[in-house]
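K.L.:
Provided herewith: query_6.pdb, PDB, C-alpha atoms and all ligand atoms.
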```
ATOM      1  CA  MET D1352      59.104  28.078 115.816
ATOM      2  CA  ILE D1353      57.715  31.550 116.322
ATOM      3  CA  ILE D1354      55.900  32.358 119.528
ATOM      4  CA  THR D1355      52.867  34.481 118.824
ATOM      5  CA  SER D1356      53.064  37.949 120.235
ATOM      6  CA  PRO D1357      50.102  37.639 122.655
ATOM      7  CA  THR D1358      51.812  34.664 124.300
ATOM      8  CA  VAL D1359      55.049  36.574 124.612
ATOM      9  CA  ARG D1360      53.248  39.556 126.099
ATOM     10  CA  THR D1361      51.433  37.426 128.645
ATOM     11  CA  MET D1362      54.639  35.777 129.749
ATOM     12  CA  ILE D1363      56.449  39.086 130.002
ATOM     13  CA  THR D1364      53.699  40.658 132.054
ATOM     14  CA  LYS D1365      53.616  37.687 134.363
ATOM     15  CA  ASN D1366      57.336  37.481 134.969
ATOM     16  CA  ARG D1367      58.807  40.891 134.533
ATOM     17  CA  ARG D1368      60.340  42.557 137.527
ATOM     18  CA  ARG D1369      59.337  46.138 137.278
ATOM     19  CA  VAL D1370      60.448  48.846 139.631
ATOM     20  CA  ALA D1371      59.393  52.228 138.394
ATOM     21  CA  MET D1372      62.391  54.290 137.374
ATOM     22  CA  ALA D1373      60.666  56.244 134.626
ATOM     23  CA  ALA D1374      61.246  59.615 136.264
ATOM     24  CA  THR D1375      64.998  59.203 136.027
ATOM     25  CA  ALA D1376      64.996  58.026 132.414
ATOM     26  CA  ALA D1377      66.330  61.249 130.926
ATOM     27  CA  ALA D1378      68.952  61.704 133.630
ATOM     28  CA  GLY D1379      69.935  58.064 133.224
ATOM     29  CA  ALA D1380      70.578  58.507 129.530
ATOM     30  CA  LEU D1381      72.953  61.377 130.149
ATOM     31  CA  THR D1382      74.719  59.694 133.029
ATOM     32  CA  LEU D1383      75.259  56.482 131.113
ATOM     33  CA  ALA D1384      76.630  58.324 128.103
ATOM     34  CA  ALA D1385      78.999  60.230 130.368
ATOM     35  CA  CYS D1386      80.132  57.045 132.087
ATOM     36  CA  SER D1387      80.227  54.875 129.022
ATOM     37  CA  SER D1388      84.010  54.819 128.794
ATOM     38  CA  GLY D1389      83.969  52.949 132.088
ATOM     39  CA  THR D1390      81.658  50.225 130.839
ATOM     40  CA  ALA D1391      82.431  47.468 128.427
ATOM     41  CA  SER D1392      80.904  48.959 125.338
ATOM     42  CA  SER D1393      78.211  51.431 124.603
ATOM     43  CA  SER D1394      76.685  53.017 121.581
ATOM     44  CA  ASP D1395      77.348  56.767 121.744
ATOM     45  CA  ASN D1396      73.899  58.198 121.851
ATOM     46  CA  ALA D1397      73.340  60.901 124.433
ATOM     47  CA  ASP D1398      69.879  61.605 123.003
ATOM     48  CA  ALA D1399      68.749  58.010 123.382
ATOM     49  CA  ALA D1400      65.077  57.467 124.149
ATOM     50  CA  LEU D1401      66.035  54.386 126.176
ATOM     51  CA  THR D1402      69.206  53.324 127.948
ATOM     52  CA  VAL D1403      69.764  49.588 128.084
ATOM     53  CA  ALA D1404      72.345  47.505 129.935
ATOM     54  CA  ALA D1405      72.814  44.073 128.354
ATOM     55  CA  ALA D1406      74.334  41.394 130.576
ATOM     56  CA  PHE D1407      76.552  40.038 127.809
ATOM     57  CA  TYR D1408      77.031  39.978 124.054
ATOM     58  CA  PRO D1409      74.061  38.096 122.492
ATOM     59  CA  LEU D1410      71.602  40.194 124.502
ATOM     60  CA  GLN D1411      73.509  43.339 123.467
ATOM     61  CA  TYR D1412      73.288  42.245 119.819
ATOM     62  CA  VAL D1413      69.506  41.967 120.069
ATOM     63  CA  ALA D1414      69.142  45.247 122.017
ATOM     64  CA  GLU D1415      71.159  47.177 119.424
ATOM     65  CA  ALA D1416      69.264  45.706 116.486
ATOM     66  CA  VAL D1417      65.835  46.224 118.056
ATOM     67  CA  GLY D1418      66.609  49.674 119.482
ATOM     68  CA  GLY D1419      68.541  51.062 116.520
ATOM     69  CA  ASP D1420      69.284  54.776 116.872
ATOM     70  CA  LEU D1421      66.708  55.140 119.625
ATOM     71  CA  VAL D1422      68.619  53.315 122.340
ATOM     72  CA  SER D1423      72.000  53.513 124.018
ATOM     73  CA  VAL D1424      73.215  50.002 124.830
ATOM     74  CA  SER D1425      76.033  49.111 127.212
ATOM     75  CA  SER D1426      77.295  45.592 127.864
ATOM     76  CA  LEU D1427      78.082  44.521 131.430
ATOM     77  CA  THR D1428      80.582  41.953 130.143
ATOM     78  CA  PRO D1429      83.615  43.562 128.465
ATOM     79  CA  ALA D1430      84.500  42.347 124.963
ATOM     80  CA  GLY D1431      86.776  39.331 125.089
ATOM     81  CA  VAL D1432      85.732  38.373 128.617
ATOM     82  CA  GLU D1433      84.042  35.084 129.358
ATOM     83  CA  PRO D1434      80.684  36.071 130.938
ATOM     84  CA  HIS D1435      80.061  33.154 133.304
ATOM     85  CA  ASP D1436      80.675  34.407 136.839
ATOM     86  CA  ILE D1437      81.773  37.953 135.916
ATOM     87  CA  GLU D1438      82.178  40.439 138.717
ATOM     88  CA  LEU D1439      80.944  44.026 138.468
ATOM     89  CA  SER D1440      82.730  47.100 139.793
ATOM     90  CA  PRO D1441      80.768  49.484 142.061
ATOM     91  CA  ALA D1442      80.858  52.041 139.215
ATOM     92  CA  THR D1443      79.330  49.536 136.794
ATOM     93  CA  VAL D1444      76.630  48.644 139.329
ATOM     94  CA  ARG D1445      75.826  52.356 139.727
ATOM     95  CA  SER D1446      75.577  52.949 135.978
ATOM     96  CA  LEU D1447      73.479  49.798 135.621
ATOM     97  CA  GLY D1448      71.081  51.255 138.201
ATOM     98  CA  GLU D1449      70.671  54.364 136.071
ATOM     99  CA  THR D1450      69.566  52.556 132.921
ATOM    100  CA  ASP D1451      65.939  52.156 131.893
ATOM    101  CA  VAL D1452      66.178  48.382 131.633
ATOM    102  CA  VAL D1453      68.688  45.574 132.135
ATOM    103  CA  LEU D1454      68.531  42.547 129.828
ATOM    104  CA  TYR D1455      69.804  39.430 131.596
ATOM    105  CA  ILE D1456      69.385  35.689 132.041
ATOM    106  CA  HIS D1457      68.539  34.273 135.451
ATOM    107  CA  ASP D1458      70.905  31.760 137.091
ATOM    108  CA  PHE D1459      73.738  32.667 134.716
ATOM    109  CA  GLN D1460      75.630  35.634 136.158
ATOM    110  CA  PRO D1461      75.018  35.983 139.911
ATOM    111  CA  ALA D1462      76.779  39.385 140.061
ATOM    112  CA  VAL D1463      74.319  40.807 137.530
ATOM    113  CA  GLU D1464      71.339  39.551 139.514
ATOM    114  CA  ASP D1465      72.801  40.966 142.725
ATOM    115  CA  ALA D1466      73.225  44.354 141.024
ATOM    116  CA  ILE D1467      69.623  44.255 139.798
ATOM    117  CA  ASP D1468      68.397  43.491 143.316
ATOM    118  CA  THR D1469      70.621  46.158 144.867
ATOM    119  CA  THR D1470      69.645  48.936 142.473
ATOM    120  CA  GLY D1471      65.995  47.979 141.955
ATOM    121  CA  VAL D1472      66.383  48.732 138.236
ATOM    122  CA  THR D1473      63.800  47.402 135.777
ATOM    123  CA  ALA D1474      65.091  44.068 134.525
ATOM    124  CA  PHE D1475      63.967  41.760 131.745
ATOM    125  CA  ASP D1476      64.880  38.084 132.107
ATOM    126  CA  ALA D1477      65.209  36.062 128.895
ATOM    127  CA  GLY D1478      63.878  33.161 130.958
ATOM    128  CA  SER D1479      60.514  34.915 131.069
ATOM    129  CA  VAL D1480      60.036  34.320 127.334
ATOM    130  CA  ILE D1481      62.199  31.290 126.554
ATOM    131  CA  ALA D1482      61.394  27.930 128.113
ATOM    132  CA  PHE D1483      64.881  26.957 129.292
ATOM    133  CA  ALA D1484      65.886  23.319 129.072
ATOM    134  CA  GLU D1485      66.701  21.538 132.281
ATOM    135  CA  ALA D1486      70.408  20.996 132.670
ATOM    136  CA  GLY D1487      71.361  17.428 131.933
ATOM    137  CA  GLU D1488      73.815  15.402 133.903
ATOM    138  CA  ASP D1489      76.364  18.004 134.917
ATOM    139  CA  ASN D1490      79.654  16.693 136.210
ATOM    140  CA  HIS D1491      80.961  20.187 136.772
ATOM    141  CA  GLU D1492      78.459  21.165 139.444
ATOM    142  CA  GLU D1493      79.264  18.082 141.482
ATOM    143  CA  ASP D1494      82.959  18.877 141.142
ATOM    144  CA  ALA D1495      82.349  22.480 142.141
ATOM    145  CA  GLU D1496      80.549  21.424 145.294
ATOM    146  CA  GLU D1497      83.324  19.058 146.193
ATOM    147  CA  GLU D1498      85.809  21.870 145.775
ATOM    148  CA  GLY D1499      83.644  24.220 147.819
ATOM    149  CA  HIS D1500      83.030  26.752 145.048
ATOM    150  CA  ASP D1501      79.723  27.802 146.523
ATOM    151  CA  ASP D1502      79.520  30.919 144.393
ATOM    152  CA  HIS D1503      79.175  28.832 141.207
ATOM    153  CA  ASP D1504      75.420  28.881 141.261
ATOM    154  CA  HIS D1505      74.183  28.088 137.773
ATOM    155  CA  GLY D1506      70.787  26.790 138.814
ATOM    156  CA  SER D1507      69.395  23.784 137.072
ATOM    157  CA  SER D1508      68.489  25.288 133.702
ATOM    158  CA  ASP D1509      70.646  25.680 130.602
ATOM    159  CA  PRO D1510      71.042  29.398 129.735
ATOM    160  CA  HIS D1511      72.649  29.008 126.268
ATOM    161  CA  PHE D1512      69.451  29.539 124.245
ATOM    162  CA  TRP D1513      71.056  32.156 121.930
ATOM    163  CA  LEU D1514      72.921  29.427 120.064
ATOM    164  CA  GLU D1515      69.629  28.330 118.499
ATOM    165  CA  PRO D1516      68.789  31.187 116.099
ATOM    166  CA  ALA D1517      65.046  30.466 116.173
ATOM    167  CA  LEU D1518      65.029  30.942 119.954
ATOM    168  CA  LEU D1519      66.989  34.188 119.634
ATOM    169  CA  ALA D1520      64.325  35.268 117.118
ATOM    170  CA  GLN D1521      61.621  34.666 119.754
ATOM    171  CA  TYR D1522      63.667  36.662 122.220
ATOM    172  CA  ALA D1523      64.077  39.531 119.729
ATOM    173  CA  LEU D1524      60.299  39.835 119.371
ATOM    174  CA  ALA D1525      59.935  39.903 123.153
ATOM    175  CA  VAL D1526      62.612  42.603 123.485
ATOM    176  CA  GLY D1527      60.670  44.589 120.867
ATOM    177  CA  ASP D1528      57.567  44.329 123.056
ATOM    178  CA  GLU D1529      59.575  45.302 126.148
ATOM    179  CA  PHE D1530      61.091  48.405 124.524
ATOM    180  CA  ALA D1531      57.669  49.336 123.101
ATOM    181  CA  SER D1532      56.109  49.216 126.552
ATOM    182  CA  LEU D1533      58.932  51.298 128.087
ATOM    183  CA  ASP D1534      58.888  53.902 125.294
ATOM    184  CA  SER D1535      55.437  53.823 123.741
ATOM    185  CA  ALA D1536      56.116  56.863 121.532
ATOM    186  CA  ASN D1537      58.533  54.719 119.485
ATOM    187  CA  ALA D1538      56.668  51.416 119.821
ATOM    188  CA  ALA D1539      56.104  50.966 116.088
ATOM    189  CA  THR D1540      59.824  51.314 115.341
ATOM    190  CA  TYR D1541      60.859  48.793 118.003
ATOM    191  CA  THR D1542      58.264  46.326 116.789
ATOM    192  CA  ALA D1543      59.340  46.696 113.160
ATOM    193  CA  ASN D1544      63.042  46.365 114.055
ATOM    194  CA  ALA D1545      62.313  43.283 116.148
ATOM    195  CA  GLU D1546      60.351  41.661 113.340
ATOM    196  CA  SER D1547      63.159  42.361 110.897
ATOM    197  CA  LEU D1548      65.802  40.853 113.220
ATOM    198  CA  ALA D1549      63.566  37.849 113.913
ATOM    199  CA  ALA D1550      63.208  37.280 110.165
ATOM    200  CA  ASP D1551      67.015  37.381 109.742
ATOM    201  CA  LEU D1552      67.498  34.943 112.601
ATOM    202  CA  ASN D1553      64.847  32.569 111.269
ATOM    203  CA  GLU D1554      66.628  32.654 107.923
ATOM    204  CA  LEU D1555      69.885  31.745 109.701
ATOM    205  CA  ASP D1556      67.996  28.918 111.416
ATOM    206  CA  ASP D1557      66.970  27.647 107.963
ATOM    207  CA  GLU D1558      70.630  27.720 106.864
ATOM    208  CA  PHE D1559      71.560  25.554 109.845
ATOM    209  CA  SER D1560      68.678  23.146 109.206
ATOM    210  CA  THR D1561      69.665  22.754 105.575
ATOM    211  CA  GLY D1562      73.415  22.661 106.215
ATOM    212  CA  LEU D1563      73.153  20.000 108.918
ATOM    213  CA  ALA D1564      70.390  17.910 107.316
ATOM    214  CA  ALA D1565      72.577  15.159 105.863
ATOM    215  CA  CYS D1566      75.779  14.458 107.785
ATOM    216  CA  GLN D1567      77.841  11.317 108.250
ATOM    217  CA  ARG D1568      78.159  11.951 111.993
ATOM    218  CA  THR D1569      75.921  13.670 114.553
ATOM    219  CA  ASP D1570      77.975  13.741 117.794
ATOM    220  CA  ILE D1571      79.747  16.986 118.663
ATOM    221  CA  ILE D1572      82.473  16.928 121.314
ATOM    222  CA  THR D1573      82.443  20.426 122.836
ATOM    223  CA  ALA D1574      84.579  22.210 125.423
ATOM    224  CA  HIS D1575      81.676  23.287 127.652
ATOM    225  CA  GLU D1576      78.031  22.359 127.292
ATOM    226  CA  ALA D1577      76.921  25.518 125.516
ATOM    227  CA  PHE D1578      75.418  23.817 122.470
ATOM    228  CA  GLY D1579      72.494  21.847 123.913
ATOM    229  CA  TYR D1580      69.798  23.960 122.232
ATOM    230  CA  LEU D1581      71.695  24.019 118.950
ATOM    231  CA  ALA D1582      72.195  20.246 119.059
ATOM    232  CA  ASP D1583      68.532  19.571 119.843
ATOM    233  CA  ALA D1584      67.359  21.889 117.084
ATOM    234  CA  TYR D1585      69.390  20.230 114.333
ATOM    235  CA  GLY D1586      69.427  16.587 115.332
ATOM    236  CA  LEU D1587      72.919  16.530 116.857
ATOM    237  CA  THR D1588      74.154  15.096 120.149
ATOM    238  CA  GLN D1589      76.388  17.227 122.354
ATOM    239  CA  VAL D1590      79.161  15.599 124.363
ATOM    240  CA  GLY D1591      80.558  18.266 126.693
ATOM    241  CA  ILE D1592      84.010  17.929 128.243
ATOM    242  CA  ALA D1593      83.180  20.487 130.947
ATOM    243  CA  GLY D1594      79.638  21.096 132.175
ATOM    244  CA  LEU D1595      77.484  24.170 131.633
ATOM    245  CA  ASP D1596      80.247  26.318 133.082
ATOM    246  CA  PRO D1597      83.441  26.549 131.010
ATOM    247  CA  GLU D1598      85.643  26.519 134.103
ATOM    248  CA  GLY D1599      84.500  23.058 135.100
ATOM    249  CA  GLU D1600      87.278  20.469 135.268
ATOM    250  CA  PRO D1601      86.200  17.074 133.960
ATOM    251  CA  SER D1602      86.817  14.048 136.174
ATOM    252  CA  PRO D1603      89.145  11.266 134.943
ATOM    253  CA  ALA D1604      86.054   9.073 134.551
ATOM    254  CA  ARG D1605      84.437  11.686 132.300
ATOM    255  CA  LEU D1606      87.599  11.918 130.185
ATOM    256  CA  ARG D1607      87.622   8.120 129.722
ATOM    257  CA  GLU D1608      83.937   8.251 128.788
ATOM    258  CA  ILE D1609      84.636  10.921 126.147
ATOM    259  CA  ALA D1610      87.540   8.920 124.727
ATOM    260  CA  ASP D1611      85.144   5.967 124.363
ATOM    261  CA  ILE D1612      82.529   8.148 122.663
ATOM    262  CA  ILE D1613      85.116   9.458 120.179
ATOM    263  CA  ASP D1614      86.145   5.886 119.489
ATOM    264  CA  GLN D1615      82.608   4.602 119.035
ATOM    265  CA  THR D1616      81.265   7.501 116.954
ATOM    266  CA  GLY D1617      84.312   7.974 114.749
ATOM    267  CA  ALA D1618      84.391  11.658 115.700
ATOM    268  CA  THR D1619      87.233  13.468 113.933
ATOM    269  CA  THR D1620      87.161  16.707 115.891
ATOM    270  CA  VAL D1621      87.164  18.017 119.456
ATOM    271  CA  PHE D1622      85.811  21.550 119.537
ATOM    272  CA  THR D1623      87.553  24.306 121.482
ATOM    273  CA  GLU D1624      86.574  27.890 122.309
ATOM    274  CA  SER D1625      88.408  31.162 121.892
ATOM    275  CA  LEU D1626      87.776  32.480 125.437
ATOM    276  CA  VAL D1627      88.550  29.301 127.346
ATOM    277  CA  SER D1628      91.905  27.585 127.633
ATOM    278  CA  PRO D1629      91.956  24.751 125.088
ATOM    279  CA  ARG D1630      94.322  22.721 127.284
ATOM    280  CA  VAL D1631      91.865  19.973 128.285
ATOM    281  CA  ALA D1632      90.188  19.776 124.867
ATOM    282  CA  GLU D1633      93.581  19.565 123.156
ATOM    283  CA  ALA D1634      94.684  16.794 125.498
ATOM    284  CA  VAL D1635      91.479  14.849 124.806
ATOM    285  CA  ALA D1636      91.972  15.296 121.048
ATOM    286  CA  SER D1637      95.630  14.377 121.173
ATOM    287  CA  ASP D1638      94.984  11.219 123.227
ATOM    288  CA  ALA D1639      92.270  10.174 120.770
ATOM    289  CA  GLY D1640      94.355  11.080 117.717
ATOM    290  CA  VAL D1641      91.791  13.548 116.351
ATOM    291  CA  GLN D1642      91.963  17.242 115.485
ATOM    292  CA  THR D1643      90.585  20.353 117.179
ATOM    293  CA  ALA D1644      88.525  23.172 115.675
ATOM    294  CA  VAL D1645      86.834  26.240 117.121
ATOM    295  CA  LEU D1646      83.108  26.135 117.837
ATOM    296  CA  ASP D1647      82.285  29.511 119.348
ATOM    297  CA  PRO D1648      79.585  29.776 122.040
ATOM    298  CA  ILE D1649      79.314  33.528 121.236
ATOM    299  CA  GLU D1650      79.438  34.563 124.868
ATOM    300  CA  SER D1651      81.560  37.473 123.603
ATOM    301  CA  VAL D1652      82.761  38.500 120.118
ATOM    302  CA  ALA D1653      85.985  39.917 118.729
ATOM    303  CA  ASP D1654      86.096  43.275 116.957
ATOM    304  CA  GLY D1655      84.649  43.061 113.482
ATOM    305  CA  ASP D1656      82.539  40.008 114.259
ATOM    306  CA  ASP D1657      78.894  39.808 115.117
ATOM    307  CA  TYR D1658      76.462  37.060 116.060
ATOM    308  CA  ARG D1659      75.592  36.211 112.463
ATOM    309  CA  SER D1660      79.187  36.072 111.179
ATOM    310  CA  VAL D1661      80.326  33.830 114.054
ATOM    311  CA  MET D1662      77.291  31.566 113.675
ATOM    312  CA  LEU D1663      78.099  31.099 109.981
ATOM    313  CA  ARG D1664      81.678  30.112 110.937
ATOM    314  CA  ASN D1665      80.208  27.701 113.468
ATOM    315  CA  LEU D1666      78.049  26.180 110.733
ATOM    316  CA  ASP D1667      81.106  25.699 108.515
ATOM    317  CA  ALA D1668      83.038  24.112 111.407
ATOM    318  CA  LEU D1669      80.155  21.726 112.157
ATOM    319  CA  ARG D1670      79.672  20.769 108.505
ATOM    320  CA  GLU D1671      83.371  19.997 108.182
ATOM    321  CA  ALA D1672      83.603  17.989 111.422
ATOM    322  CA  LEU D1673      80.421  16.024 110.751
ATOM    323  CA  ALA D1674      81.037  15.490 106.994
ATOM    324  CA  CYS D1675      77.754  17.020 105.899
ATOM    325  CA  GLU D1676      76.596  17.042 102.288
TER     326      GLU D1676
HETATM  327 ZN    ZN D1701      78.480  29.081 128.631
END
```
Mind turning this structure into structure tokens?
P.N.:
Amino acid sequence: MIITSPTVRTMITKNRRRVAMAATAAAGALTLAACSSGTASSSDNADAALTVAAAFYPLQYVAEAVGGDLVSVSSLTPAGVEPHDIELSPATVRSLGETDVVLYIHDFQPAVEDAIDTTGVTAFDAGSVIAFAEAGEDNHEEDAEEEGHDDHDHGSSDPHFWLEPALLAQYALAVGDEFASLDSANAATYTANAESLAADLNELDDEFSTGLAACQRTDIITAHEAFGYLADAYGLTQVGIAGLDPEGEPSPARLREIADIIDQTGATTVFTESLVSPRVAEAVASDAGVQTAVLDPIESVADGDDYRSVMLRNLDALREALACE
């Protein structure tokens, strides 16, 4: 599942928003380093060739791996914060405007898109290289409209592509191309780093394929619908309690439907998340007489963890819940 580089380049060129900020690149690097204590996290690198603001953790993970010592990466979503619907302080918006490029996903974090529009900073949308799946039936969005939460605009596509390692590998190659075009002097390094990360991620994808190849069950009951790409990639079926947004409250009808699915599929586990209250998932599990376990959507990571380590824990949790060989 590797997109060839020419395809990636074409798509990037077609979709990239580019507002020339090259003249301020050096100043931006210094300013960001000076302000980095005010942002969520940042590699300390005042001599960085590129300064990058990543909208949230998985994009930060890719930026750091592809950029290595050459880039200074800040995350717009603080560690331990759930990134859906984050708000940005004026200071964060200003420092975002001083970076060379913002990595983001459209229709996921409206505040980030507003900041990009306001500052005119160069921005690279993951949706320009990944073909996002259409959102399925989404009870949450209907509920949100009924409750008048007009600011919950998640669009109609599913942003959670990073939970399929092969898609994150495609994205890594595209970020390599993006960095190479912004800093052509170091293009070869970015390209090599991107290829190395993509190889690691494709290897992780193989581990998932193998680990989930022969399981007694294939339905996964999840807290929010973050695992659609993962489920599709490995032959599983996702049953989300909330919709694409973790704050969605399921309707009583949806809860009855999930109880029926647990009954019919013999599911043993309702998955919860570390950043979202497990209250509803625990109630569903308790009513059905099954257990809970953590399946992490990696929208943020705890200290000492990274994408790969959490994904391997997710694989273990899935293999256990689904009784895989
Ligand atoms: Zn999510």
K.L.:
Check which residues fall inside 7 Å of ligand ZN 1701 (chain D) when counting only C-alpha atoms and all ligand atoms, and print them as a list in words.
P.N.:
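Protein and nucleic-acid residues within 7 Å of ligand ZN 1701 (chain D): His1435, His1511, His1575, Glu1576, Ala1577, Leu1595, Asp1596, Pro1597, Pro1648 and Glu1650 of chain D.
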K.L.:
Box for segment 1470-1487 of chain D: with edges along x, y and z, all listed atoms inside and 6 Å added on each side, what are the centre and edge lengths in Å to one decimal, as AutoDock Vina command-line options?
P.N.:
```
--center_x 65.7 --center_y 33.2 --center_z 134.5 --size_x 23.3 --size_y 43.5 --size_z 27.9
```
K.L.:
May I ask for the distance between atom CA of Asp1551 of chain D and atom CA of Ser1651 of chain D, given in Å to one decimal place?
P.N.:
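Result for atom CA of Asp1551 of chain D versus atom CA of Ser1651 of chain D: 20.1 Å, one decimal.
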K.L.:
What is the atom CA of Ala1405 of chain D-atom CA of Phe1512 of chain D distance in Å, reported with one decimal?
P.N.:
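So the answer is 15.5 Å.
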K.L.:
What is the atom CA of Leu1439 of chain D to atom CA of Ala1462 of chain D distance in Å?
P.N.:
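If I compute the distance from atom CA of Leu1439 of chain D to atom CA of Ala1462 of chain D, I get 6.4 Å.
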K.L.:
To verify the selection step, state as a list in words which residues the PyMOL selection byres (((chain D and resi 1562-1566) around 8) and not hetatm) yields on this input.
P.N.:
Glu1558, Phe1559, Ser1560, Thr1561, Gln1567, Arg1568, Thr1569, Tyr1585, Leu1666, Leu1669, Arg1670, Leu1673, Ala1674, Cys1675 and Glu1676 of chain D
K.L.:
Write out as a list in words which residues come within 10 Å of Leu1427 of chain D when counting all atoms listed in the file, dropping same-chain ones fewer than 4 positions away.
P.N.:
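So, after excluding close chain neighbours, the residues are Thr1390, Ala1391, Ser1392, Ser1393, Ala1404, Ala1405, Ala1406, Phe1407, Tyr1408, Gln1411, Pro1434, Ile1437, Glu1438, Leu1439, Ser1440, Thr1443, Val1444, Ser1446, Leu1447, Val1453, Leu1454, Tyr1455 and Val1463 of chain D.
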K.L.:
Determine, counting all atoms listed in the file, which protein, DNA and RNA residues have an atom within 10 Å of an atom of Ala1639 of chain D; residues of the same chain fewer than 6 positions away are not included. Present the result as a ChimeraX atom specification.
P.N.:
/D:1609-1611,1613-1614,1618-1621,1633
K.L.:
Would you translate the PyMOL selection byres (((chain D and resi 1663) around 12) and not hetatm) into the concrete set of residues it matches in this file, as a compact mmCIF listing (two decimals) with C-alpha atoms, in the frame of the given file?
P.N.:
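Output saved as selection38.txt:
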```txt
# COMPACT_ATOMS: atom_id res chain seq x y z
CA LEU D 1514 72.92 29.43 120.06
CA PRO D 1516 68.79 31.19 116.10
CA LEU D 1552 67.50 34.94 112.60
CA GLU D 1554 66.63 32.65 107.92
CA LEU D 1555 69.89 31.74 109.70
CA ASP D 1556 68.00 28.92 111.42
CA ASP D 1557 66.97 27.65 107.96
CA GLU D 1558 70.63 27.72 106.86
CA PHE D 1559 71.56 25.55 109.84
CA GLY D 1562 73.42 22.66 106.22
CA LEU D 1646 83.11 26.14 117.84
CA ASP D 1647 82.28 29.51 119.35
CA ILE D 1649 79.31 33.53 121.24
CA ASP D 1656 82.54 40.01 114.26
CA ASP D 1657 78.89 39.81 115.12
CA TYR D 1658 76.46 37.06 116.06
CA ARG D 1659 75.59 36.21 112.46
CA SER D 1660 79.19 36.07 111.18
CA VAL D 1661 80.33 33.83 114.05
CA MET D 1662 77.29 31.57 113.68
CA ARG D 1664 81.68 30.11 110.94
CA ASN D 1665 80.21 27.70 113.47
CA LEU D 1666 78.05 26.18 110.73
CA ASP D 1667 81.11 25.70 108.52
CA ALA D 1668 83.04 24.11 111.41
CA LEU D 1669 80.16 21.73 112.16
CA ARG D 1670 79.67 20.77 108.50
```
K.L.:
Given the choices D:Glu1598, D:Phe1578, D:Thr1542, D:Ile1572, which gets closest to Gly1617 of chain D if the distance is worked out from only C-alpha atoms?
P.N.:
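Using only C-alpha atoms, Gly1617 of chain D sits closest to D:Ile1572.
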K.L.:
Using only C-alpha atoms, which of the listed residues (D:Ser1479, D:Ser1535, D:Thr1428, D:Thr1470) sits closest to Ala1400 of chain D?
P.N.:
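Using only C-alpha atoms, the shortest distance to Ala1400 of chain D belongs to D:Ser1535.
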K.L.:
Every residue with an atom at most 12 Å from (71.2, 16.5, 122.3) (file coordinates; all atoms listed in the file) is what I'm after, so could you write them as a compact mmCIF listing (two decimals) with C-alpha atoms, in the frame of the given file?
P.N.:
```txt
# COMPACT_ATOMS: atom_id res chain seq x y z
CA ALA D 1484 65.89 23.32 129.07
CA ALA D 1486 70.41 21.00 132.67
CA GLY D 1487 71.36 17.43 131.93
CA GLU D 1488 73.82 15.40 133.90
CA THR D 1569 75.92 13.67 114.55
CA ASP D 1570 77.97 13.74 117.79
CA ILE D 1571 79.75 16.99 118.66
CA ILE D 1572 82.47 16.93 121.31
CA THR D 1573 82.44 20.43 122.84
CA GLU D 1576 78.03 22.36 127.29
CA ALA D 1577 76.92 25.52 125.52
CA PHE D 1578 75.42 23.82 122.47
CA GLY D 1579 72.49 21.85 123.91
CA TYR D 1580 69.80 23.96 122.23
CA LEU D 1581 71.69 24.02 118.95
CA ALA D 1582 72.19 20.25 119.06
CA ASP D 1583 68.53 19.57 119.84
CA ALA D 1584 67.36 21.89 117.08
CA TYR D 1585 69.39 20.23 114.33
CA GLY D 1586 69.43 16.59 115.33
CA LEU D 1587 72.92 16.53 116.86
CA THR D 1588 74.15 15.10 120.15
CA GLN D 1589 76.39 17.23 122.35
CA VAL D 1590 79.16 15.60 124.36
CA GLY D 1591 80.56 18.27 126.69
```
K.L.:
When you count only C-alpha atoms, which of these residues is closest to Thr1540 of chain D: D:Val1417, D:Ala1653, D:Ile1456, D:Ala1672?
P.N.:
D:Val1417
K.L.:
Using all atoms listed in the file, which of the listed residues (D:Ile1612, D:Glu1433, D:Ala1416, D:Ser1426) sits closest to Leu1626 of chain D?
P.N.:
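Answer, going by the shortest atom-to-atom distance: D:Glu1433.
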